[in-house]
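Colleague: My structure is below; once you've seen it, I'll send some questions.
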Amino acid sequence: MRLDAEAQPRYCDNCGARVTHDFRRAYGDSIGVAHRRRDCDTAVRIQQGSAAGHDRSRPDA
């Protein structure tokens with residue numbers, strides 16, 4: 001079991017729900033913060049960087 005800061009649960013900045021380390025590592029910003037999660041935004045927008053805090057013009061569709 002990892003006890004470092006990366007292994008600790010973190011939460012979505014948008015809704016406050018728990019976000020896994022793997023999601024934060026793959027889609028979050030450079031310090032591991034997830035600004036949105038899959039229930040907060042579309043998969044396309046998350047892949048374009050919305051989970052890392054980048055504004056995306058593509059509508060939520």
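Scheme for the structure tokens: letters A, B, ... for chains in order shown; per-chain residue numbers from 1; ligand numbers from 1 in order shown.
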Find the spatial neighbours of A:Gly28, counting only C-alpha atoms, within a cut-off of 12 Å - ignore same-chain residues fewer than 6 positions away - and output them as a list in words.
Modeller: Arg10, Tyr11, Cys12, Asp13, Val19, Thr20, His21, Asp22, Ala34, His35, Arg36, Arg37, Arg38, Ile46, Gln47, Gln48, Gly49, Ser50, Ala51, Ala52, Gly53 and His54 of chain A
